[in-house]
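Undergrad: Provided herewith: start-v6.pdb, PDB, C-alpha atoms, pLDDT in the B column.
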ATOM      1  CA  MET K   1     104.066 127.122 114.696  1.00 53.00           C
ATOM      2  CA  THR K   2     105.053 123.496 114.667  1.00 73.00           C
ATOM      3  CA  LEU K   3     104.011 119.887 114.343  1.00 76.00           C
ATOM      4  CA  GLU K   4     105.823 117.934 117.039  1.00 84.00           C
ATOM      5  CA  VAL K   5     106.381 114.328 115.936  1.00 88.00           C
ATOM      6  CA  GLU K   6     107.844 111.443 117.928  1.00 93.00           C
ATOM      7  CA  SER K   7     108.228 107.927 116.548  1.00 95.00           C
ATOM      8  CA  ARG K   8     109.807 104.588 117.347  1.00 96.00           C
ATOM      9  CA  PRO K   9     110.528 101.340 115.501  1.00 96.00           C
ATOM     10  CA  SER K  10     108.869  98.059 116.441  1.00 97.00           C
ATOM     11  CA  ASP K  11     110.000  94.463 116.740  1.00 95.00           C
ATOM     12  CA  SER K  12     106.634  93.228 115.415  1.00 96.00           C
ATOM     13  CA  PRO K  13     106.754  91.847 111.859  1.00 94.00           C
ATOM     14  CA  TYR K  14     103.367  93.504 111.314  1.00 96.00           C
ATOM     15  CA  ILE K  15     104.434  97.012 112.346  1.00 97.00           C
ATOM     16  CA  GLU K  16     106.811  99.343 110.527  1.00 96.00           C
ATOM     17  CA  ARG K  17     106.670 102.173 113.065  1.00 97.00           C
ATOM     18  CA  VAL K  18     104.623 103.736 115.866  1.00 97.00           C
ATOM     19  CA  TRP K  19     104.255 107.516 116.111  1.00 96.00           C
ATOM     20  CA  ARG K  20     102.509 110.326 117.922  1.00 95.00           C
ATOM     21  CA  SER K  21     102.342 114.067 117.369  1.00 92.00           C
ATOM     22  CA  ARG K  22     100.810 117.334 118.503  1.00 90.00           C
ATOM     23  CA  SER K  23      99.977 120.404 116.407  1.00 86.00           C
ATOM     24  CA  HIS K  24     100.530 124.007 117.442  1.00 83.00           C
ATOM     25  CA  ALA K  25      99.161 126.816 115.228  1.00 78.00           C
ATOM     26  CA  VAL K  26      99.612 124.755 112.041  1.00 79.00           C
ATOM     27  CA  ASP K  27      96.672 124.322 109.698  1.00 80.00           C
ATOM     28  CA  ARG K  28      98.227 122.121 107.012  1.00 83.00           C
ATOM     29  CA  MET K  29     101.237 119.971 106.276  1.00 86.00           C
ATOM     30  CA  SER K  30     102.949 118.382 103.322  1.00 88.00           C
ATOM     31  CA  SER K  31     101.986 114.717 103.403  1.00 92.00           C
ATOM     32  CA  VAL K  32     104.868 112.871 101.769  1.00 95.00           C
ATOM     33  CA  ALA K  33     104.377 109.741  99.701  1.00 97.00           C
ATOM     34  CA  THR K  34     104.542 106.480 101.632  1.00 96.00           C
ATOM     35  CA  PRO K  35     104.148 102.817 100.668  1.00 95.00           C
ATOM     36  CA  TYR K  36     102.695 101.996 104.092  1.00 96.00           C
ATOM     37  CA  TRP K  37      99.178 102.216 105.509  1.00 96.00           C
ATOM     38  CA  ASP K  38      98.366 103.500 108.995  1.00 96.00           C
ATOM     39  CA  LEU K  39      95.778 103.132 111.699  1.00 97.00           C
ATOM     40  CA  VAL K  40      95.451 106.711 112.996  1.00 96.00           C
ATOM     41  CA  PHE K  41      93.703 108.252 116.007  1.00 96.00           C
ATOM     42  CA  TRP K  42      93.371 111.952 116.719  1.00 94.00           C
ATOM     43  CA  GLU K  43      91.658 114.124 119.286  1.00 94.00           C
ATOM     44  CA  HIS K  44      90.495 117.665 118.609  1.00 90.00           C
ATOM     45  CA  ARG K  45      88.289 119.856 120.803  1.00 89.00           C
ATOM     46  CA  GLY K  46      87.220 116.877 122.871  1.00 89.00           C
ATOM     47  CA  GLN K  47      86.229 114.762 119.882  1.00 92.00           C
ATOM     48  CA  VAL K  48      88.049 111.499 119.127  1.00 94.00           C
ATOM     49  CA  HIS K  49      88.458 110.233 115.569  1.00 94.00           C
ATOM     50  CA  ALA K  50      89.984 107.120 113.994  1.00 96.00           C
ATOM     51  CA  SER K  51      90.704 106.094 110.428  1.00 96.00           C
ATOM     52  CA  VAL K  52      92.696 103.735 108.263  1.00 97.00           C
ATOM     53  CA  GLN K  53      94.947 105.813 106.005  1.00 96.00           C
ATOM     54  CA  GLY K  54      96.103 104.113 102.822  1.00 96.00           C
ATOM     55  CA  PRO K  55      99.470 104.280 101.078  1.00 97.00           C
ATOM     56  CA  GLU K  56     100.144 107.589  99.318  1.00 96.00           C
ATOM     57  CA  SER K  57     101.530 107.434  95.792  1.00 96.00           C
ATOM     58  CA  ARG K  58     102.623 111.088  95.692  1.00 96.00           C
ATOM     59  CA  ALA K  59     103.012 114.120  97.948  1.00 95.00           C
ATOM     60  CA  SER K  60      99.971 116.227  98.771  1.00 93.00           C
ATOM     61  CA  LEU K  61      98.807 118.963 101.138  1.00 88.00           C
ATOM     62  CA  ALA K  62      96.795 117.747 104.109  1.00 87.00           C
ATOM     63  CA  PRO K  63      94.794 119.761 106.671  1.00 85.00           C
ATOM     64  CA  VAL K  64      95.940 119.707 110.298  1.00 85.00           C
ATOM     65  CA  PRO K  65      93.444 120.512 113.080  1.00 84.00           C
ATOM     66  CA  GLU K  66      94.849 123.187 115.383  1.00 83.00           C
ATOM     67  CA  GLU K  67      95.914 122.048 118.874  1.00 86.00           C
ATOM     68  CA  ALA K  68      95.197 118.402 118.131  1.00 91.00           C
ATOM     69  CA  THR K  69      96.942 115.236 119.281  1.00 92.00           C
ATOM     70  CA  PHE K  70      97.604 112.249 117.037  1.00 94.00           C
ATOM     71  CA  PHE K  71      98.708 108.640 117.414  1.00 96.00           C
ATOM     72  CA  GLY K  72      99.354 106.142 114.646  1.00 97.00           C
ATOM     73  CA  ILE K  73     100.486 102.618 113.885  1.00 98.00           C
ATOM     74  CA  VAL K  74     102.288 102.230 110.559  1.00 97.00           C
ATOM     75  CA  PHE K  75     101.875  98.673 109.298  1.00 97.00           C
ATOM     76  CA  SER K  76     104.645  96.805 107.517  1.00 95.00           C
ATOM     77  CA  LEU K  77     104.642  96.053 103.810  1.00 93.00           C
ATOM     78  CA  GLY K  78     102.675  92.897 103.153  1.00 92.00           C
ATOM     79  CA  SER K  79     100.420  93.358 106.193  1.00 95.00           C
ATOM     80  CA  SER K  80      96.784  94.132 105.459  1.00 94.00           C
ATOM     81  CA  MET K  81      93.219  94.061 106.703  1.00 95.00           C
ATOM     82  CA  PRO K  82      91.467  91.742 104.237  1.00 92.00           C
ATOM     83  CA  HIS K  83      88.092  93.401 104.897  1.00 93.00           C
ATOM     84  CA  LEU K  84      89.678  96.727 103.834  1.00 94.00           C
ATOM     85  CA  PRO K  85      91.797  95.814 100.763  1.00 90.00           C
ATOM     86  CA  VAL K  86      94.929  97.974 100.605  1.00 91.00           C
ATOM     87  CA  ARG K  87      94.575  98.448  96.844  1.00 89.00           C
ATOM     88  CA  ASP K  88      91.274 100.272  97.487  1.00 92.00           C
ATOM     89  CA  LEU K  89      92.890 102.570 100.063  1.00 95.00           C
ATOM     90  CA  VAL K  90      95.735 104.009  97.958  1.00 96.00           C
ATOM     91  CA  ASP K  91      95.579 107.813  98.208  1.00 96.00           C
ATOM     92  CA  GLY K  92      92.491 107.483 100.383  1.00 95.00           C
ATOM     93  CA  SER K  93      91.198 106.525 103.809  1.00 95.00           C
ATOM     94  CA  VAL K  94      88.313 104.903 105.666  1.00 96.00           C
ATOM     95  CA  VAL K  95      86.809 106.511 108.786  1.00 95.00           C
ATOM     96  CA  LEU K  96      86.249 104.091 111.673  1.00 94.00           C
ATOM     97  CA  PRO K  97      82.996 104.903 113.513  1.00 89.00           C
ATOM     98  CA  GLY K  98      82.399 105.118 117.224  1.00 88.00           C
ATOM     99  CA  ALA K  99      85.921 106.013 118.337  1.00 93.00           C
ATOM    100  CA  THR K 100      86.309 107.190 121.926  1.00 94.00           C
ATOM    101  CA  ARG K 101      89.252 107.736 124.254  1.00 91.00           C
ATOM    102  CA  ARG K 102      88.916 104.097 125.326  1.00 93.00           C
ATOM    103  CA  SER K 103      87.605 102.158 122.333  1.00 94.00           C
ATOM    104  CA  LEU K 104      87.002 101.927 118.604  1.00 93.00           C
ATOM    105  CA  TRP K 105      84.743  99.962 116.287  1.00 92.00           C
ATOM    106  CA  LEU K 106      86.568  97.729 113.813  1.00 94.00           C
ATOM    107  CA  LYS K 107      85.253  94.890 111.654  1.00 92.00           C
ATOM    108  CA  GLY K 108      81.984  94.622 113.541  1.00 90.00           C
ATOM    109  CA  SER K 109      83.480  94.585 117.040  1.00 91.00           C
ATOM    110  CA  THR K 110      84.478  96.994 119.778  1.00 93.00           C
ATOM    111  CA  TRP K 111      88.200  97.065 120.565  1.00 95.00           C
ATOM    112  CA  CYS K 112      90.126  98.737 123.368  1.00 94.00           C
ATOM    113  CA  ARG K 113      91.931 101.710 121.907  1.00 94.00           C
ATOM    114  CA  PRO K 114      95.720 101.220 121.826  1.00 95.00           C
ATOM    115  CA  GLY K 115      98.357 103.732 122.878  1.00 94.00           C
ATOM    116  CA  TYR K 116     101.920 104.600 121.983  1.00 95.00           C
ATOM    117  CA  GLY K 117     103.340 102.093 124.430  1.00 94.00           C
ATOM    118  CA  ASN K 118     101.100  99.075 123.770  1.00 96.00           C
ATOM    119  CA  ALA K 119     100.636  99.125 119.985  1.00 97.00           C
ATOM    120  CA  GLU K 120     102.259  95.707 119.637  1.00 98.00           C
ATOM    121  CA  GLU K 121      99.850  94.087 122.079  1.00 97.00           C
ATOM    122  CA  PHE K 122      96.907  95.572 120.185  1.00 97.00           C
ATOM    123  CA  VAL K 123      98.207  94.363 116.822  1.00 98.00           C
ATOM    124  CA  ARG K 124      98.870  90.877 118.187  1.00 97.00           C
ATOM    125  CA  ARG K 125      95.205  90.692 119.102  1.00 96.00           C
ATOM    126  CA  LEU K 126      94.203  91.902 115.632  1.00 97.00           C
ATOM    127  CA  VAL K 127      96.325  89.127 114.142  1.00 97.00           C
ATOM    128  CA  ARG K 128      94.887  86.452 116.476  1.00 96.00           C
ATOM    129  CA  GLU K 129      91.347  87.497 115.537  1.00 95.00           C
ATOM    130  CA  GLY K 130      92.133  87.487 111.804  1.00 95.00           C
ATOM    131  CA  VAL K 131      91.642  91.236 111.341  1.00 96.00           C
ATOM    132  CA  VAL K 132      95.250  91.732 110.186  1.00 96.00           C
ATOM    133  CA  GLU K 133      97.177  89.278 108.029  1.00 95.00           C
ATOM    134  CA  ARG K 134     100.608  89.250 106.397  1.00 93.00           C
ATOM    135  CA  ASP K 135     101.087  87.550 103.049  1.00 91.00           C
ATOM    136  CA  PRO K 136     103.940  85.022 103.546  1.00 89.00           C
ATOM    137  CA  VAL K 137     104.917  85.175  99.866  1.00 88.00           C
ATOM    138  CA  VAL K 138     105.312  88.957  99.967  1.00 87.00           C
ATOM    139  CA  ALA K 139     107.070  88.784 103.338  1.00 85.00           C
ATOM    140  CA  ALA K 140     109.587  86.296 101.942  1.00 86.00           C
ATOM    141  CA  ALA K 141     110.281  88.482  98.905  1.00 84.00           C
ATOM    142  CA  LEU K 142     110.787  91.549 101.101  1.00 82.00           C
ATOM    143  CA  ASP K 143     113.199  89.578 103.305  1.00 81.00           C
ATOM    144  CA  ASP K 144     115.266  88.601 100.229  1.00 80.00           C
ATOM    145  CA  ARG K 145     114.049  84.997 100.434  1.00 83.00           C
ATOM    146  CA  PRO K 146     112.733  84.397  96.902  1.00 78.00           C
ATOM    147  CA  PRO K 147     109.416  82.533  97.189  1.00 83.00           C
ATOM    148  CA  ASP K 148     108.709  79.497  95.036  1.00 86.00           C
ATOM    149  CA  VAL K 149     106.128  81.191  92.804  1.00 87.00           C
ATOM    150  CA  SER K 150     106.135  82.636  89.303  1.00 89.00           C
ATOM    151  CA  ASP K 151     107.018  86.306  88.728  1.00 86.00           C
ATOM    152  CA  ARG K 152     103.443  86.983  87.641  1.00 89.00           C
ATOM    153  CA  THR K 153     102.037  85.438  90.833  1.00 89.00           C
ATOM    154  CA  LEU K 154     104.494  87.418  92.945  1.00 86.00           C
ATOM    155  CA  GLN K 155     103.547  90.668  91.192  1.00 87.00           C
ATOM    156  CA  ARG K 156      99.848  89.971  91.670  1.00 89.00           C
ATOM    157  CA  ARG K 157     100.188  89.150  95.361  1.00 88.00           C
ATOM    158  CA  PHE K 158     102.532  92.069  95.929  1.00 86.00           C
ATOM    159  CA  ALA K 159     100.001  94.483  94.433  1.00 88.00           C
ATOM    160  CA  ALA K 160      97.156  92.942  96.452  1.00 89.00           C
ATOM    161  CA  ALA K 161      99.085  93.107  99.736  1.00 89.00           C
ATOM    162  CA  THR K 162     100.613  96.581  99.300  1.00 92.00           C
ATOM    163  CA  GLY K 163      98.356  98.397  96.831  1.00 93.00           C
ATOM    164  CA  LEU K 164     101.428  99.451  94.839  1.00 92.00           C
ATOM    165  CA  THR K 165     103.879  97.946  92.397  1.00 89.00           C
ATOM    166  CA  GLY K 166     107.374  97.032  93.481  1.00 85.00           C
ATOM    167  CA  THR K 167     108.767  99.788  91.252  1.00 89.00           C
ATOM    168  CA  ALA K 168     106.552 102.430  92.838  1.00 93.00           C
ATOM    169  CA  ILE K 169     107.559 101.327  96.335  1.00 92.00           C
ATOM    170  CA  ARG K 170     111.264 101.497  95.491  1.00 92.00           C
ATOM    171  CA  GLN K 171     110.875 104.984  93.996  1.00 96.00           C
ATOM    172  CA  ILE K 172     108.943 106.267  97.011  1.00 96.00           C
ATOM    173  CA  GLU K 173     111.384 104.822  99.522  1.00 95.00           C
ATOM    174  CA  ARG K 174     114.389 106.196  97.628  1.00 97.00           C
ATOM    175  CA  ALA K 175     112.858 109.692  97.597  1.00 97.00           C
ATOM    176  CA  ARG K 176     112.140 109.453 101.330  1.00 96.00           C
ATOM    177  CA  ARG K 177     115.753 108.414 102.001  1.00 97.00           C
ATOM    178  CA  ALA K 178     116.959 111.317  99.851  1.00 97.00           C
ATOM    179  CA  ALA K 179     114.834 113.771 101.832  1.00 95.00           C
ATOM    180  CA  VAL K 180     116.226 112.479 105.136  1.00 95.00           C
ATOM    181  CA  LEU K 181     119.815 112.729 103.881  1.00 95.00           C
ATOM    182  CA  ILE K 182     119.337 116.267 102.579  1.00 95.00           C
ATOM    183  CA  GLY K 183     117.745 117.268 105.873  1.00 92.00           C
ATOM    184  CA  GLU K 184     120.830 115.914 107.647  1.00 93.00           C
ATOM    185  CA  GLY K 185     123.067 118.156 105.534  1.00 93.00           C
ATOM    186  CA  VAL K 186     124.350 115.660 102.957  1.00 95.00           C
ATOM    187  CA  PRO K 187     125.248 117.579  99.744  1.00 95.00           C
ATOM    188  CA  VAL K 188     122.931 117.026  96.794  1.00 96.00           C
ATOM    189  CA  GLN K 189     125.657 115.386  94.717  1.00 96.00           C
ATOM    190  CA  GLY K 190     126.385 113.017  97.570  1.00 96.00           C
ATOM    191  CA  VAL K 191     122.717 112.039  97.702  1.00 97.00           C
ATOM    192  CA  ILE K 192     122.686 111.467  93.932  1.00 97.00           C
ATOM    193  CA  ASP K 193     125.759 109.244  94.120  1.00 96.00           C
ATOM    194  CA  ARG K 194     124.639 107.341  97.208  1.00 96.00           C
ATOM    195  CA  LEU K 195     121.101 106.567  96.032  1.00 97.00           C
ATOM    196  CA  GLY K 196     121.740 106.071  92.320  1.00 95.00           C
ATOM    197  CA  TYR K 197     119.897 109.027  90.812  1.00 97.00           C
ATOM    198  CA  PHE K 198     120.958 109.753  87.228  1.00 95.00           C
ATOM    199  CA  ASP K 199     121.548 113.480  87.787  1.00 95.00           C
ATOM    200  CA  GLN K 200     120.279 116.510  89.701  1.00 95.00           C
ATOM    201  CA  PRO K 201     117.120 117.013  87.551  1.00 96.00           C
ATOM    202  CA  HIS K 202     116.242 113.332  88.169  1.00 97.00           C
ATOM    203  CA  LEU K 203     116.527 113.882  91.928  1.00 97.00           C
ATOM    204  CA  ALA K 204     114.555 117.146  91.699  1.00 97.00           C
ATOM    205  CA  ARG K 205     111.657 115.454  89.888  1.00 97.00           C
ATOM    206  CA  SER K 206     111.593 112.647  92.439  1.00 97.00           C
ATOM    207  CA  LEU K 207     111.534 115.073  95.371  1.00 97.00           C
ATOM    208  CA  ALA K 208     108.784 117.154  93.771  1.00 96.00           C
ATOM    209  CA  ARG K 209     106.595 114.132  93.101  1.00 97.00           C
ATOM    210  CA  TYR K 210     107.074 112.155  96.303  1.00 97.00           C
ATOM    211  CA  ILE K 211     108.112 114.721  98.940  1.00 96.00           C
ATOM    212  CA  GLY K 212     106.615 117.976  97.698  1.00 94.00           C
ATOM    213  CA  ARG K 213     109.800 119.900  98.462  1.00 93.00           C
ATOM    214  CA  THR K 214     112.913 121.053  96.664  1.00 93.00           C
ATOM    215  CA  ALA K 215     116.361 120.177  97.982  1.00 93.00           C
ATOM    216  CA  THR K 216     116.768 123.799  99.118  1.00 92.00           C
ATOM    217  CA  GLN K 217     113.511 123.680 101.078  1.00 91.00           C
ATOM    218  CA  LEU K 218     114.529 120.407 102.719  1.00 92.00           C
ATOM    219  CA  GLY K 219     117.884 121.879 103.722  1.00 88.00           C
ATOM    220  CA  ASP K 220     116.225 124.928 105.292  1.00 86.00           C
ATOM    221  CA  PRO K 221     112.814 123.734 106.506  1.00 81.00           C
ATOM    222  CA  ASP K 222     109.981 126.150 107.270  1.00 77.00           C
ATOM    223  CA  PRO K 223     108.222 125.236 110.557  1.00 75.00           C
ATOM    224  CA  ALA K 224     105.005 126.770 109.190  1.00 72.00           C
ATOM    225  CA  ARG K 225     104.993 124.098 106.448  1.00 80.00           C
ATOM    226  CA  PRO K 226     105.825 120.843 108.260  1.00 85.00           C
ATOM    227  CA  LEU K 227     106.285 117.455 106.640  1.00 86.00           C
ATOM    228  CA  SER K 228     104.512 114.278 107.677  1.00 89.00           C
ATOM    229  CA  LEU K 229     106.510 111.480 109.266  1.00 87.00           C
ATOM    230  CA  LEU K 230     109.974 110.955 107.796  1.00 83.00           C
ATOM    231  CA  TYR K 231     112.581 108.738 109.454  1.00 83.00           C
ATOM    232  CA  LYS K 232     115.841 106.990 108.749  1.00 77.00           C
ATOM    233  CA  THR K 233     115.410 103.317 107.848  1.00 71.00           C
TER     234      THR K 233
END
Spell out the structure here as structure tokens.
TA:
Amino acid sequence: MTLEVESRPSDSPYIERVWRSRSHAVDRMSSVATPYWDLVFWEHRGQVHASVQGPESRASLAPVPEEATFFGIVFSLGSSMPHLPVRDLVDGSVVLPGATRRSLWLKGSTWCRPGYGNAEEFVRRLVREGVVERDPVVAAALDDRPPDVSDRTLQRRFAAATGLTGTAIRQIERARRAAVLIGEGVPVQGVIDRLGYFDQPHLARSLARYIGRTATQLGDPDPARPLSLLYKT
């Protein structure tokens, strides 16, 4: 029983990561919180599906079709599809109709379906056609280049472009880093010290809310209860 996951970073400013996976005798997984949204394709029993998956504000259980294959593009913070506002996708998703092994229907047009190796080319076309945009104010703030706008304007545009507050994003990303470190064998106290948690109960609450696992479970993972994509940033 396993969920095989492979992923890679990207040099595109619009893409956080590209991933693919295959399920074997697993019917559900723990979907960890994430501040990013994905374009996801999966094939099960000869049927092809596609959806836009929004950011997830907390951990949850998600069904996994048996013997299915998946491919996804994780978009960077600040990137969005204006016709599908990110704030409306938090903890939700939108099914894209008409997906096949070769194409999908998106924003009123048919597009060639991307693959693991050409995700960047596909996203470049989305950007050229105005389907995907990246807010320059948010991008500057994320790159530690303070934009020349008021704090209120920055907060408003940040929420519109990401669907989450800056505080929520920082908490989610810290919990994800903690889970990766614990999985690598870093002692709990070392994780607390490295990531600035107040104490062990503080870390435990964060893991429960955003990862859906205890530190013990992360240190000794159960292949029958896999986690969604986690990676070192």
Undergrad: Any chance you could work out the residue set of the PyMOL selection byres ((chain K and resi 2) around 7) here, as a ChimeraX atom specification?
TA: /K:1,3-4,23-26,223-224,226
Undergrad: To verify the selection step, state as a list in words which residues the PyMOL selection byres ((chain K and resi 116-122) around 8) yields on this input.
TA: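 Going through the file, the PyMOL selection byres ((chain K and resi 116-122) around 8) ends up selecting Ser10, Ser12, Ile15, Val18, Trp19, Arg20, Phe71, Gly72, Ile73, Pro114, Gly115, Val123, Arg124, Arg125 and Leu126 of chain K.
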Undergrad: With all atoms of range 60-77 of chain K from the file as input, state the centre and edge lengths in Å to one decimal of the axis-aligned box that has 3 Å extra on each side, as AutoDock Vina command-line options.
TA:
--center_x 99.0 --center_y 109.6 --center_z 109.0 --size_x 17.2 --size_y 33.1 --size_z 26.5
Undergrad: Which is closest to Ala99 in chain K among K:Val40, K:Pro63, K:Asp144, K:Ser57, if we use only C-alpha atoms?
TA: K:Val40
Undergrad: In Å, how far is it from CA of Glu43 in chain K to CA of Gly163 in chain K?
TA: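 CA of Glu43 in chain K sits 28.2 Å away from CA of Gly163 in chain K.
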Undergrad: Using all atoms listed in the file, which of the listed residues (K:Ala50, K:Leu77, K:Leu218, K:Ala62) sits closest to Arg102 in chain K?
TA: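 Smallest distance to Arg102 in chain K is found for K:Ala50.
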Undergrad: Rank K:Leu229, K:Leu106, K:Leu61, K:Leu195 by their smallest atom-to-atom distance to Arg170 in chain K, using all atoms listed in the file, and report the top residue only.
TA: K:Leu195
Undergrad: Just give me the gap between CA of Pro97 in chain K and CA of Val52 in chain K in Å, one decimal is fine.
TA: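 Computing it gives 11.1 Å between the two atoms.
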Undergrad: Residues picked by the PyMOL selection byres ((chain K and resi 231) around 9) here, as a tab-separated table (two decimals) with C-alpha atoms, keeping the file's coordinate frame?
TA:
chain	number	residue	atom	x	y	z
K	7	SER	CA	108.23	107.93	116.55
K	176	ARG	CA	112.14	109.45	101.33
K	177	ARG	CA	115.75	108.41	102.00
K	180	VAL	CA	116.23	112.48	105.14
K	229	LEU	CA	106.51	111.48	109.27
K	230	LEU	CA	109.97	110.96	107.80
K	232	LYS	CA	115.84	106.99	108.75
K	233	THR	CA	115.41	103.32	107.85
Undergrad: Please report the interatomic distance between CA of Gly92 in chain K and CA of Glu56 in chain K in Å with one decimal.
TA: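 Distance reported for this atom pair: 7.7 Å.
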Undergrad: List the residues sitting within 12 Å of (116.6, 113.8, 105.2) in the file's frame, using only C-alpha atoms, as a ChimeraX atom specification.
TA: /K:173-188,191,207,211,213-221,227,229-233
Undergrad: Determine the nearest neighbour of Thr167 in chain K from the options K:Arg209, K:Pro35, K:Arg225, K:Arg113, counting all atoms listed in the file.
TA: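 The answer is K:Pro35, which sits nearest to Thr167 in chain K.
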Undergrad: From the options K:Val5, K:Met81, K:Val48, K:Leu203, which residue's atoms come nearest to Ser103 in chain K, counting only C-alpha atoms?
TA: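 Counting only C-alpha atoms, the residue closest to Ser103 in chain K is K:Val48.
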Undergrad: Quick one: of K:Ala204, K:Ile169, K:Val127, K:Met29, who's nearest to Ile192 in chain K, counting only C-alpha atoms?
TA: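 Residue with the minimum atom-to-atom distance to Ile192 in chain K: K:Ala204.
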